[in-house]
Amino acid sequence: MNIYQLQKWGAEYLEQKNIVNAEFDSKELLEYVLNLDNTGLILRREETPEPSKAEEYKTLIYKRAEHYPLQYITHRAGFMGYEFYVDENVLIPRYDTEILVDRVLQDNDASPCCNILDMCTGSGCIGISIMLQRKHCGKKDNVMLVDISRGALSVAAKNMEQLGAEADLMESDLYKKLTDIYDKPDAEENDTSAGLKKKYDGFKFDIIVSNPPYIKSDVIPALMEEVKEYEPSLALDGDRDGLKFYREIIGKAPLFLKKKGRIYLEIGYDQYEDTRKLLVDAGFTNIKIYKDLAGLDRVVSAELMDV
């Protein structure tokens, strides 16, 4: 088979296995195996690939047919115009999360320098994108990427290197390590901890941004096979009511935000009222909700009262 015939075979096979966007996925996998872009694939469509490449492509088609996510096969996912490395340690970045990044960028455009905390960072796509976009506009921020997963932080570090981003990584169960460092007497701190505390003004941030796990535990079995079987449950499961991480992130945010600092959260379509109440109880005001392209609630922002 030539390249065109191979691609057509791949698309038909994936369609038979009920893979959504079968034609797109077959093309992406062929570009990945042959190291071609879309134009190259078209120009060389009549050529016959090396047998080893054809076999590699078929192997990946069979893997995708098992609903193994395309992005985990190619190790790349587009987000905010950047290409991020992803693997099974992190959630695959979604377009809806770009709304979260856009909101942070628009609201803080006038601020020349911000301390930014990206909580539950995963691949780092949120914090890294904010940092790069603002750097492009002449801003200079201090960005901290926090996650409990060492594997996720390894992916975030790879993306920092790949995209030329500068940020600080911290392995922590939400705010725990920040609290531990803050509570230590100066004499007990190592150079790294002391340097971070100074850099971030005693761990006071202008912005906290997060896309935490927020899916109810009993909903996970009903998710798409690609998600429930292969994406990390640690990054999906928000406990019985889906609000476990919001309670912690919002509840302790005032300890780590500067006066009038802002928090930005991605939420589930039915979680606005619950998160709004948590924000009010924690001393936040100017609470706003933003919808995704489907018209569903997607991002909530709020400002810490200046008291």
# chains A, B, ... in the order shown; residues from 1 in each chain; ligands from 1
$ closest_atom_pairs --of "segment 121-159 of chain A" --to "segment 95-109 of chain A" --cutoff "8 Å" --atoms "only C-alpha atoms" --output "JSON lines"
{"residue": "A:Ile126", "atom": "CA", "partner": "A:Val101", "partner_atom": "CA", "distance": 6.2}
{"residue": "A:Ser129", "atom": "CA", "partner": "A:Val101", "partner_atom": "CA", "distance": 7.4}
{"residue": "A:Ile130", "atom": "CA", "partner": "A:Val101", "partner_atom": "CA", "distance": 6.3}
{"residue": "A:Gln133", "atom": "CA", "partner": "A:Leu105", "partner_atom": "CA", "distance": 7.9}
{"residue": "A:Arg134", "atom": "CA", "partner": "A:Leu105", "partner_atom": "CA", "distance": 7.4}
$ write_last_selection --atoms "N, CA, C and O atoms" --output "compact mmCIF listing (two decimals), in the first residue's frame"
# COMPACT_ATOMS: atom_id res chain seq x y z
N ILE A 126 -1.28 25.02 32.00
CA ILE A 126 -1.92 26.27 32.41
C ILE A 126 -0.85 27.30 32.81
O ILE A 126 -0.76 28.38 32.23
N SER A 129 1.62 28.19 29.93
CA SER A 129 1.00 29.04 28.89
C SER A 129 0.83 30.47 29.36
O SER A 129 1.09 31.41 28.61
N ILE A 130 0.40 30.64 30.61
CA ILE A 130 0.26 31.99 31.17
C ILE A 130 1.61 32.69 31.18
O ILE A 130 1.74 33.85 30.76
N GLN A 133 2.79 33.50 27.48
CA GLN A 133 1.98 34.55 26.86
C GLN A 133 2.31 35.92 27.45
O GLN A 133 2.44 36.91 26.74
N ARG A 134 2.45 35.97 28.76
CA ARG A 134 2.75 37.24 29.41
C ARG A 134 4.20 37.67 29.14
O ARG A 134 4.48 38.86 28.98
$ residues_around --residues "segment 229-236 of chain A" --least-positions-apart "2" --cutoff "10 Å" --atoms "only C-alpha atoms" --output "PyMOL selection string"
chain A and resi 67-69+72+87-92+120-122+147-149+152+211-217+220-221+223-227+238-239+242
$ closest_residue --among "A:Lys277, A:Lys291, A:Lys204, A:Lys228" --to "Lys260 of chain A" --atoms "only C-alpha atoms"
A:Lys204
$ select_by_dssp --residues "segment 123-193 of chain A" --states "strand (DSSP E)" --output "VMD selection string"
chain A and resid 142 to 147 168 to 171
$ residues_around --residues "Ala282 of chain A" --least-positions-apart "2" --cutoff "12 Å" --atoms "only C-alpha atoms" --output "number ranges by chain"
A: 246-255, 257, 263, 275-280, 284-285, 287, 302-305
$ select_by_dssp --residues "segment 38-134 of chain A" --states "helix (DSSP H, G or I)" --output "JSON, numbers by chain"
{"A": [38, 39, 40, 41, 42, 43, 51, 52, 53, 54, 55, 56, 57, 58, 59, 60, 61, 62, 63, 64, 65, 70, 71, 72, 73, 74, 97, 98, 99, 100, 101, 102, 103, 104, 105, 106, 107, 125, 126, 127, 128, 129, 130, 131, 132, 133, 134]}
$ closest_residue --among "A:Asp297, A:Asp183, A:Glu28, A:Glu266" --to "Met119 of chain A" --atoms "only C-alpha atoms"
A:Glu266
$ closest_residue --among "A:Leu293, A:Ile181, A:Val299, A:Ile73" --to "Asp270 of chain A" --atoms "only C-alpha atoms"
A:Val299
$ residues_around --residues "segment 186-197 of chain A" --least-positions-apart "4" --cutoff "10 Å" --atoms "only C-alpha atoms" --output "ChimeraX atom specification"
/A:142,144,168,177-178,180-182,201-204
